[in-house]
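Dropping my_file39.cif in here (mmCIF, C-alpha atoms):
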```cif
data_work
#
loop_
_atom_site.group_PDB
_atom_site.id
_atom_site.type_symbol
_atom_site.label_atom_id
_atom_site.label_comp_id
_atom_site.auth_asym_id
_atom_site.auth_seq_id
_atom_site.Cartn_x
_atom_site.Cartn_y
_atom_site.Cartn_z
ATOM 1 C CA MET A 1 12.075 -11.734 3.604
ATOM 2 C CA TYR A 2 10.926 -14.665 1.524
ATOM 3 C CA PRO A 3 12.004 -14.335 -2.131
ATOM 4 C CA LYS A 4 8.508 -14.526 -3.682
ATOM 5 C CA LEU A 5 7.085 -12.013 -1.206
ATOM 6 C CA LEU A 6 10.033 -9.657 -1.718
ATOM 7 C CA SER A 7 9.684 -9.690 -5.501
ATOM 8 C CA VAL A 8 5.934 -9.184 -5.371
ATOM 9 C CA LEU A 9 6.118 -6.276 -2.941
ATOM 10 C CA SER A 10 8.926 -4.642 -4.905
ATOM 11 C CA LEU A 11 7.108 -4.910 -8.230
ATOM 12 C CA SER A 12 3.837 -3.786 -6.696
ATOM 13 C CA SER A 13 5.540 -0.745 -5.199
ATOM 14 C CA LEU A 14 7.108 0.193 -8.529
ATOM 15 C CA LEU A 15 3.784 -0.071 -10.324
ATOM 16 C CA LEU A 16 1.986 2.004 -7.712
ATOM 17 C CA LEU A 17 4.682 4.403 -6.598
ATOM 18 C CA GLY A 18 6.702 5.040 -9.727
ATOM 19 C CA CYS A 19 10.396 5.830 -9.284
ATOM 20 C CA ASN A 20 10.118 8.431 -6.539
ATOM 21 C CA THR A 21 12.668 8.513 -3.750
ATOM 22 C CA TYR A 22 11.638 10.177 -0.490
ATOM 23 C CA VAL A 23 14.028 11.693 2.016
ATOM 24 C CA ASP A 24 11.521 13.319 4.388
ATOM 25 C CA SER A 25 11.297 11.296 7.602
ATOM 26 C CA GLY A 26 8.167 13.163 8.698
ATOM 27 C CA LYS A 27 7.108 14.446 12.097
ATOM 28 C CA VAL A 28 5.555 12.734 15.114
ATOM 29 C CA SER A 29 3.340 14.530 17.626
ATOM 30 C CA LYS A 30 0.859 13.750 20.382
ATOM 31 C CA SER A 31 -2.625 12.595 19.476
ATOM 32 C CA VAL A 32 -5.964 13.048 21.206
ATOM 33 C CA VAL A 33 -6.732 9.400 20.379
ATOM 34 C CA ALA A 34 -5.581 7.081 23.159
ATOM 35 C CA GLY A 35 -3.037 4.501 22.031
ATOM 36 C CA TYR A 36 -1.976 6.427 18.913
ATOM 37 C CA THR A 37 0.464 9.157 17.910
ATOM 38 C CA GLN A 38 0.051 11.629 15.046
ATOM 39 C CA TYR A 39 2.397 11.308 12.065
ATOM 40 C CA SER A 40 2.712 13.778 9.185
ATOM 41 C CA ASN A 41 4.945 13.807 6.140
ATOM 42 C CA LYS A 42 4.978 16.724 3.677
ATOM 43 C CA THR A 43 6.691 14.699 0.957
ATOM 44 C CA ILE A 44 4.068 11.956 1.060
ATOM 45 C CA ASN A 45 1.600 14.832 1.589
ATOM 46 C CA ALA A 46 -0.387 13.030 4.258
ATOM 47 C CA GLU A 47 -0.936 12.666 7.974
ATOM 48 C CA VAL A 48 -2.174 9.612 9.796
ATOM 49 C CA LEU A 49 -2.458 8.067 13.250
ATOM 50 C CA THR A 50 0.140 5.453 14.189
ATOM 51 C CA PRO A 51 -0.518 2.717 16.794
ATOM 52 C CA ASN A 52 1.731 3.059 19.838
ATOM 53 C CA GLY A 53 4.258 0.265 20.165
ATOM 54 C CA TRP A 54 4.529 -0.319 16.421
ATOM 55 C CA SER A 55 7.915 0.201 14.729
ATOM 56 C CA THR A 56 7.989 2.705 11.863
ATOM 57 C CA GLN A 57 10.165 3.618 8.904
ATOM 58 C CA VAL A 58 10.067 5.609 5.671
ATOM 59 C CA THR A 59 11.353 3.413 2.843
ATOM 60 C CA ALA A 60 13.488 4.582 -0.070
ATOM 61 C CA GLY A 61 10.497 3.940 -2.320
ATOM 62 C CA GLY A 62 8.373 6.438 -0.436
ATOM 63 C CA GLU A 63 6.187 4.407 1.912
ATOM 64 C CA TYR A 64 5.617 5.137 5.592
ATOM 65 C CA VAL A 65 5.460 1.641 7.078
ATOM 66 C CA MET A 66 4.020 0.780 10.501
ATOM 67 C CA THR A 67 4.958 -2.733 11.641
ATOM 68 C CA SER A 68 3.116 -4.559 14.413
ATOM 69 C CA PRO A 69 4.949 -5.886 17.496
ATOM 70 C CA ASP A 70 4.275 -9.564 16.727
ATOM 71 C CA ALA A 71 7.026 -11.295 18.689
ATOM 72 C CA LYS A 72 6.204 -14.702 17.170
ATOM 73 C CA ARG A 73 7.368 -13.569 13.728
ATOM 74 C CA THR A 74 10.533 -12.133 12.257
ATOM 75 C CA GLN A 75 10.465 -8.407 11.455
ATOM 76 C CA GLU A 76 9.854 -8.892 7.729
ATOM 77 C CA ARG A 77 6.880 -11.230 8.329
ATOM 78 C CA ARG A 78 5.054 -9.136 10.905
ATOM 79 C CA PRO A 79 1.707 -7.596 9.899
ATOM 80 C CA ALA A 80 2.213 -4.043 8.639
ATOM 81 C CA ILE A 81 0.308 -0.995 7.411
ATOM 82 C CA ALA A 82 1.869 1.291 4.798
ATOM 83 C CA ILE A 83 0.814 4.675 3.443
ATOM 84 C CA SER A 84 2.109 6.225 0.241
ATOM 85 C CA SER A 85 1.411 8.749 -2.508
ATOM 86 C CA SER A 86 2.702 9.404 -5.992
ATOM 87 C CA PRO A 87 1.835 11.438 -9.104
ATOM 88 C CA VAL A 88 -0.297 9.282 -11.380
ATOM 89 C CA ASN A 89 1.806 10.041 -14.452
ATOM 90 C CA THR A 90 4.874 8.447 -12.828
ATOM 91 C CA LEU A 91 3.087 5.116 -12.452
ATOM 92 C CA SER A 92 3.383 2.185 -14.823
ATOM 93 C CA LYS A 93 0.635 0.590 -16.826
ATOM 94 C CA THR A 94 0.275 -3.130 -16.222
ATOM 95 C CA GLY A 95 3.090 -5.051 -17.860
ATOM 96 C CA ALA A 96 4.245 -2.084 -19.960
ATOM 97 C CA ALA A 97 7.812 -1.631 -21.138
ATOM 98 C CA SER A 98 9.978 1.017 -19.534
ATOM 99 C CA SER A 99 13.319 2.742 -20.041
ATOM 100 C CA ILE A 100 16.012 3.367 -17.452
ATOM 101 C CA ASP A 101 16.662 6.905 -18.703
ATOM 102 C CA GLY A 102 12.940 7.685 -18.792
ATOM 103 C CA THR A 103 13.115 9.416 -22.186
ATOM 104 C CA SER A 104 12.226 6.690 -24.694
ATOM 105 C CA GLU A 105 8.834 6.432 -26.368
ATOM 106 C CA ALA A 106 8.372 3.026 -24.744
ATOM 107 C CA TYR A 107 8.801 4.604 -21.333
ATOM 108 C CA LYS A 108 6.450 7.492 -22.107
ATOM 109 C CA ASN A 109 3.811 5.104 -23.417
ATOM 110 C CA SER A 110 4.110 2.955 -20.286
ATOM 111 C CA ARG A 111 2.940 5.753 -17.976
ATOM 112 C CA LEU A 112 -0.614 6.227 -16.768
ATOM 113 C CA PRO A 113 -2.272 9.479 -17.884
ATOM 114 C CA SER A 114 -2.760 12.197 -15.280
ATOM 115 C CA SER A 115 -6.408 12.366 -16.300
ATOM 116 C CA ILE A 116 -7.125 8.712 -15.491
ATOM 117 C CA THR A 117 -10.335 8.134 -13.539
ATOM 118 C CA LEU A 118 -10.543 6.284 -10.256
ATOM 119 C CA GLU A 119 -12.507 3.537 -11.985
ATOM 120 C CA ALA A 120 -9.863 3.130 -14.698
ATOM 121 C CA PHE A 121 -7.066 3.163 -12.121
ATOM 122 C CA LYS A 122 -8.844 0.405 -10.205
ATOM 123 C CA ASN A 123 -9.204 -1.669 -13.381
ATOM 124 C CA ASN A 124 -5.509 -1.199 -14.177
ATOM 125 C CA ARG A 125 -4.615 -2.425 -10.708
ATOM 126 C CA LEU A 126 -6.906 -5.439 -11.001
ATOM 127 C CA ALA A 127 -5.328 -6.335 -14.341
ATOM 128 C CA PHE A 128 -1.986 -6.702 -12.569
ATOM 129 C CA LEU A 129 -3.374 -8.980 -9.851
ATOM 130 C CA THR A 130 -2.927 -12.339 -11.575
ATOM 131 C CA GLU A 131 -1.547 -15.642 -10.313
ATOM 132 C CA GLU A 132 1.444 -15.150 -12.591
ATOM 133 C CA ASN A 133 2.338 -11.846 -10.925
ATOM 134 C CA MET A 134 1.275 -12.651 -7.370
ATOM 135 C CA GLY A 135 1.110 -16.352 -6.565
ATOM 136 C CA PRO A 136 -1.023 -19.491 -6.828
ATOM 137 C CA LYS A 137 -4.607 -19.790 -5.562
ATOM 138 C CA LEU A 138 -5.149 -16.052 -5.884
ATOM 139 C CA ARG A 139 -8.395 -14.621 -4.525
ATOM 140 C CA VAL A 140 -9.429 -11.030 -5.275
ATOM 141 C CA SER A 141 -12.389 -8.915 -4.203
ATOM 142 C CA THR A 142 -13.104 -5.213 -4.588
ATOM 143 C CA LYS A 143 -15.566 -2.689 -3.239
ATOM 144 C CA LYS A 144 -16.105 1.051 -3.129
ATOM 145 C CA SER A 145 -14.763 2.868 -0.074
ATOM 146 C CA ARG A 146 -13.672 6.274 1.250
ATOM 147 C CA LEU A 147 -10.216 7.631 2.046
ATOM 148 C CA ALA A 148 -9.326 11.141 3.219
ATOM 149 C CA LYS A 149 -12.950 12.190 2.577
ATOM 150 C CA HIS A 150 -12.716 11.165 -1.081
ATOM 151 C CA ASP A 151 -14.240 8.326 -3.075
ATOM 152 C CA ALA A 152 -11.918 5.328 -3.033
ATOM 153 C CA TYR A 153 -11.661 1.653 -3.846
ATOM 154 C CA GLU A 154 -10.698 -1.163 -1.522
ATOM 155 C CA ILE A 155 -9.097 -4.232 -3.083
ATOM 156 C CA SER A 156 -8.541 -7.323 -0.930
ATOM 157 C CA TYR A 157 -6.478 -10.221 -2.232
ATOM 158 C CA SER A 158 -4.602 -13.246 -0.968
ATOM 159 C CA TYR A 159 -2.438 -16.013 -2.392
ATOM 160 C CA LYS A 160 -0.091 -18.798 -1.384
ATOM 161 C CA VAL A 161 3.624 -18.296 -0.946
ATOM 162 C CA LYS A 162 5.667 -21.478 -1.247
ATOM 163 C CA GLU A 163 7.832 -20.693 1.776
ATOM 164 C CA LEU A 164 4.877 -19.858 4.069
ATOM 165 C CA PRO A 165 2.508 -22.305 5.792
ATOM 166 C CA GLN A 166 -0.548 -20.109 5.157
ATOM 167 C CA ARG A 167 -1.912 -17.551 2.709
ATOM 168 C CA LEU A 168 -0.546 -14.022 2.532
ATOM 169 C CA MET A 169 -3.358 -11.459 2.692
ATOM 170 C CA PHE A 170 -3.493 -7.840 1.529
ATOM 171 C CA GLN A 171 -5.973 -4.977 1.675
ATOM 172 C CA GLU A 172 -5.334 -1.867 -0.440
ATOM 173 C CA THR A 173 -7.427 1.294 -0.248
ATOM 174 C CA PHE A 174 -6.655 4.097 -2.679
ATOM 175 C CA THR A 175 -8.046 7.363 -3.988
ATOM 176 C CA LEU A 176 -7.050 9.872 -6.684
ATOM 177 C CA VAL A 177 -6.807 13.572 -5.839
ATOM 178 C CA GLU A 178 -5.472 16.271 -8.175
ATOM 179 C CA GLY A 179 -3.365 13.892 -10.243
ATOM 180 C CA LYS A 180 -1.955 11.902 -7.322
ATOM 181 C CA VAL A 181 -2.798 8.480 -5.953
ATOM 182 C CA TYR A 182 -2.993 8.120 -2.155
ATOM 183 C CA ARG A 183 -2.929 4.613 -0.742
ATOM 184 C CA VAL A 184 -3.127 2.606 2.476
ATOM 185 C CA THR A 185 -2.003 -1.025 2.324
ATOM 186 C CA TYR A 186 -2.281 -3.672 5.044
ATOM 187 C CA TYR A 187 -0.653 -7.088 4.744
ATOM 188 C CA ALA A 188 -0.386 -10.066 7.093
ATOM 189 C CA ASP A 189 -0.297 -13.842 7.227
ATOM 190 C CA GLU A 190 -3.755 -15.376 7.152
ATOM 191 C CA ASP A 191 -3.659 -16.652 10.749
ATOM 192 C CA VAL A 192 -3.151 -13.144 12.211
ATOM 193 C CA TYR A 193 -4.809 -10.994 9.549
ATOM 194 C CA ALA A 194 -7.921 -10.334 11.637
ATOM 195 C CA ASN A 195 -5.897 -9.374 14.714
ATOM 196 C CA TYR A 196 -5.037 -5.883 13.465
ATOM 197 C CA LEU A 197 -8.128 -4.858 11.509
ATOM 198 C CA LYS A 198 -9.087 -2.475 14.326
ATOM 199 C CA GLU A 199 -5.771 -0.622 14.011
ATOM 200 C CA LEU A 200 -6.167 -0.594 10.233
ATOM 201 C CA GLN A 201 -9.575 1.044 10.515
ATOM 202 C CA VAL A 202 -8.222 3.750 12.837
ATOM 203 C CA VAL A 203 -5.354 4.457 10.439
ATOM 204 C CA LYS A 204 -7.689 4.660 7.432
ATOM 205 C CA SER A 205 -10.213 6.834 9.252
ATOM 206 C CA SER A 206 -7.479 9.244 10.382
ATOM 207 C CA TYR A 207 -5.863 9.582 6.932
ATOM 208 C CA ARG A 208 -5.712 13.230 5.854
ATOM 209 C CA ILE A 209 -4.202 14.845 2.765
ATOM 210 C CA LEU A 210 -2.099 17.888 3.640
ATOM 211 C CA LYS A 211 -2.772 21.242 1.986
#
```
Will you turn the file into structure tokens for me?
Amino acid sequence: MYPKLLSVLSLSSLLLLGCNTYVDSGKVSKSVVAGYTQYSNKTINAEVLTPNGWSTQVTAGGEYVMTSPDAKRTQERRPAIAISSSPVNTLSKTGAASSIDGTSEAYKNSRLPSSITLEAFKNNRLAFLTEENMGPKLRVSTKKSRLAKHDAYEISYSYKVKELPQRLMFQETFTLVEGKVYRVTYYADEDVYANYLKELQVVKSSYRILK
């Protein structure tokens, strides 16, 4: 993976996911929707449809990642959709200091409060999306949305990566439920971004929080 993209994705995941490590690989079953299989994961606490033919993995950071079969690109540059969840109070405030042992006052003060509102969470996320953190020629837009039958926000952003010939584009949709943030993220190079919006919509529409 390109260095800038790797660092951005890693930092973004830490800010949104906290320090959780997931070991549950989840379960796959048949779906009534043609072209998709059903995936559920009790650790992530969600179920979602997965496009047939896409490769899948659960990362150490706790994301279930579905990667498109784009033969023209290397695995790490193929368009992908990721779902994740994490307790809000394990997530970092923008640019806040932290401690490896997790016991210092600096670490405690760097966490988001469990009582944070969806609006405040969205503003915290937007505060992180700067050219310094992401890349040059950053473009950001946001709108209200729905996810898992709950109010949500959708943030779309794109920027240039030095090693890539075109912009890298992202769409994040997230909601807060009972002190946890649930998120769907889609990312792709600009020239193929529109090619998988249909699959993204199916994934988002099928997203369910487990009881």
query = For A:Glu63, which residue among A:Lys143, A:Lys122, A:Thr185, A:Leu112 is the nearest when counting all atoms listed in the file?
reply = A:Thr185
key: Nearest to A:Ser115 by atom-to-atom distance, counting only C-alpha atoms, from A:Val177, A:Ser156, A:Met169, A:Gly62   =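 With only C-alpha atoms as the atom set, the closest residue is A:Val177.
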Selection: 12 Å around A:Val192, all atoms listed in the file, excl. self and same-chain fewer than 6 positions, as a CSV table (one decimal) with C-alpha atoms, keeping the file's coordinate frame:
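File produced: selection_4.csv:
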```csv
chain,number,residue,atom,x,y,z
A,68,SER,CA,3.1,-4.6,14.4
A,70,ASP,CA,4.3,-9.6,16.7
A,72,LYS,CA,6.2,-14.7,17.2
A,73,ARG,CA,7.4,-13.6,13.7
A,77,ARG,CA,6.9,-11.2,8.3
A,78,ARG,CA,5.1,-9.1,10.9
A,79,PRO,CA,1.7,-7.6,9.9
A,80,ALA,CA,2.2,-4.0,8.6
A,166,GLN,CA,-0.5,-20.1,5.2
A,167,ARG,CA,-1.9,-17.6,2.7
A,168,LEU,CA,-0.5,-14.0,2.5
A,169,MET,CA,-3.4,-11.5,2.7
A,170,PHE,CA,-3.5,-7.8,1.5
A,186,TYR,CA,-2.3,-3.7,5.0
```
request  = May I have the residues within 8 Å of A:Leu176 as a list in words, using all atoms listed in the file and disregarding those fewer than 5 positions away in the same chain?
outcome  =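 The residues that qualify are Thr117, Leu118, Ala152, Val181 and Tyr182 of chain A.
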ask   = So what do you get for atom CA of A:Glu154 versus atom CA of A:Glu172, distance-wise?
value =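 Taking atom CA of A:Glu154 and atom CA of A:Glu172, their separation equals 5.5 Å.
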task = For A:Tyr196, work out the shell of residues within 12 Å, counting all atoms listed in the file and skipping chain neighbours fewer than 2 positions away, then give it as a ChimeraX atom specification.
result = /A:51,54,66-70,78-81,171,186-194,198-203
key: Residues returned when the PyMOL selection byres ((chain A and resi 85) around 10) runs on this file, as a list in words   = Leu16, Leu17, Gly18, Asn20, Thr43, Ile44, Asn45, Ala46, Gly62, Glu63, Tyr64, Ile83, Ser84, Ser86, Pro87, Val88, Phe174, Thr175, Leu176, Lys180, Val181, Tyr182, Arg183, Val184 and Ile209 of chain A
request  = Can you work out which one of A:Thr37, A:Asn89, A:Asn52, A:Ser158 has the shortest atom-to-atom distance to A:Lys108, counting all atoms listed in the file?
outcome  = A:Asn89
ask   = When distances are computed from only C-alpha atoms, which of A:Gly179, A:Gly26, A:Pro165, A:Gly135 shows the smallest separation from A:Gln38?
value =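 Using only C-alpha atoms, A:Gln38 sits closest to A:Gly26.
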key: Pairwise distance for atom CA of A:Ile116 and atom CA of A:Asp24, rounded to one decimal in Å   =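 It comes out at 27.6 Å.
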request  = Could you state which residues are captured by the PyMOL selection byres ((chain A and resi 207) around 8) in this file, as a PyMOL selection string?
outcome  = chain A and resi 46-49+147-148+203-206+208-209
ask   = Any idea what the distance is between atom CA of A:Ser25 and atom CA of A:Glu178?
value =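 Atom CA of A:Glu178 lies 23.6 Å from atom CA of A:Ser25.
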message = Evaluated on this file, the PyMOL selection byres ((chain A and resi 56) around 6) picks out some residues - which ones are they, written as a list in words?
response =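 Applying the PyMOL selection byres ((chain A and resi 56) around 6) to the structure shown produces Ser55, Gln57, Val65 and Met66 of chain A.
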Set up a box along x, y and z of the file covering all listed atoms of stretch 146-151 of chain A, add 3 Å on every one of the six sides, and write the centre and edge lengths in Å to one decimal, as AutoDock Vina command-line options.
```
--center_x -11.8 --center_y 9.2 --center_z 0.1 --size_x 10.9 --size_y 11.9 --size_z 12.3
```
N, CA and C atoms for stretch 114-133 of chain A, written as an mmCIF file, in the coordinates of the input, could you do that?
```
data_model
loop_
_atom_site.group_PDB
_atom_site.id
_atom_site.type_symbol
_atom_site.label_atom_id
_atom_site.label_comp_id
_atom_site.auth_asym_id
_atom_site.auth_seq_id
_atom_site.Cartn_x
_atom_site.Cartn_y
_atom_site.Cartn_z
ATOM 1 N N SER A 114 -2.364 11.429 -16.467
ATOM 2 C CA SER A 114 -2.760 12.197 -15.280
ATOM 3 C C SER A 114 -4.273 12.299 -15.157
ATOM 4 N N SER A 115 -4.953 12.207 -16.279
ATOM 5 C CA SER A 115 -6.408 12.366 -16.300
ATOM 6 C C SER A 115 -7.171 11.073 -16.026
ATOM 7 N N ILE A 116 -6.471 9.999 -15.711
ATOM 8 C CA ILE A 116 -7.125 8.712 -15.491
ATOM 9 C C ILE A 116 -8.166 8.816 -14.375
ATOM 10 N N THR A 117 -9.282 8.133 -14.547
ATOM 11 C CA THR A 117 -10.335 8.134 -13.539
ATOM 12 C C THR A 117 -10.040 7.104 -12.460
ATOM 13 N N LEU A 118 -10.705 7.256 -11.338
ATOM 14 C CA LEU A 118 -10.543 6.284 -10.256
ATOM 15 C C LEU A 118 -10.951 4.897 -10.721
ATOM 16 N N GLU A 119 -12.030 4.827 -11.483
ATOM 17 C CA GLU A 119 -12.507 3.537 -11.985
ATOM 18 C C GLU A 119 -11.460 2.883 -12.891
ATOM 19 N N ALA A 120 -10.872 3.668 -13.793
ATOM 20 C CA ALA A 120 -9.863 3.130 -14.698
ATOM 21 C C ALA A 120 -8.599 2.730 -13.942
ATOM 22 N N PHE A 121 -8.236 3.506 -12.927
ATOM 23 C CA PHE A 121 -7.066 3.163 -12.121
ATOM 24 C C PHE A 121 -7.299 1.838 -11.403
ATOM 25 N N LYS A 122 -8.503 1.664 -10.871
ATOM 26 C CA LYS A 122 -8.844 0.405 -10.205
ATOM 27 C C LYS A 122 -8.741 -0.770 -11.178
ATOM 28 N N ASN A 123 -9.250 -0.596 -12.386
ATOM 29 C CA ASN A 123 -9.204 -1.669 -13.381
ATOM 30 C C ASN A 123 -7.772 -1.993 -13.780
ATOM 31 N N ASN A 124 -6.917 -0.971 -13.865
ATOM 32 C CA ASN A 124 -5.509 -1.199 -14.177
ATOM 33 C C ASN A 124 -4.833 -2.001 -13.077
ATOM 34 N N ARG A 125 -5.185 -1.679 -11.839
ATOM 35 C CA ARG A 125 -4.615 -2.425 -10.708
ATOM 36 C C ARG A 125 -5.086 -3.877 -10.714
ATOM 37 N N LEU A 126 -6.364 -4.080 -10.976
ATOM 38 C CA LEU A 126 -6.906 -5.439 -11.001
ATOM 39 C C LEU A 126 -6.273 -6.273 -12.112
ATOM 40 N N ALA A 127 -5.951 -5.621 -13.226
ATOM 41 C CA ALA A 127 -5.328 -6.335 -14.341
ATOM 42 C C ALA A 127 -3.958 -6.888 -13.965
ATOM 43 N N PHE A 128 -3.291 -6.225 -13.017
ATOM 44 C CA PHE A 128 -1.986 -6.702 -12.569
ATOM 45 C C PHE A 128 -2.102 -7.879 -11.596
ATOM 46 N N LEU A 129 -3.228 -7.957 -10.895
ATOM 47 C CA LEU A 129 -3.374 -8.980 -9.851
ATOM 48 C C LEU A 129 -3.754 -10.325 -10.471
ATOM 49 N N THR A 130 -2.755 -11.020 -10.980
ATOM 50 C CA THR A 130 -2.927 -12.339 -11.575
ATOM 51 C C THR A 130 -2.068 -13.345 -10.812
ATOM 52 N N GLU A 131 -2.354 -14.620 -10.983
ATOM 53 C CA GLU A 131 -1.547 -15.642 -10.313
ATOM 54 C C GLU A 131 -0.107 -15.606 -10.805
ATOM 55 N N GLU A 132 0.086 -15.235 -12.053
ATOM 56 C CA GLU A 132 1.444 -15.150 -12.591
ATOM 57 C C GLU A 132 2.253 -14.084 -11.869
ATOM 58 N N ASN A 133 1.626 -12.938 -11.593
ATOM 59 C CA ASN A 133 2.338 -11.846 -10.925
ATOM 60 C C ASN A 133 2.404 -12.010 -9.411
#
```
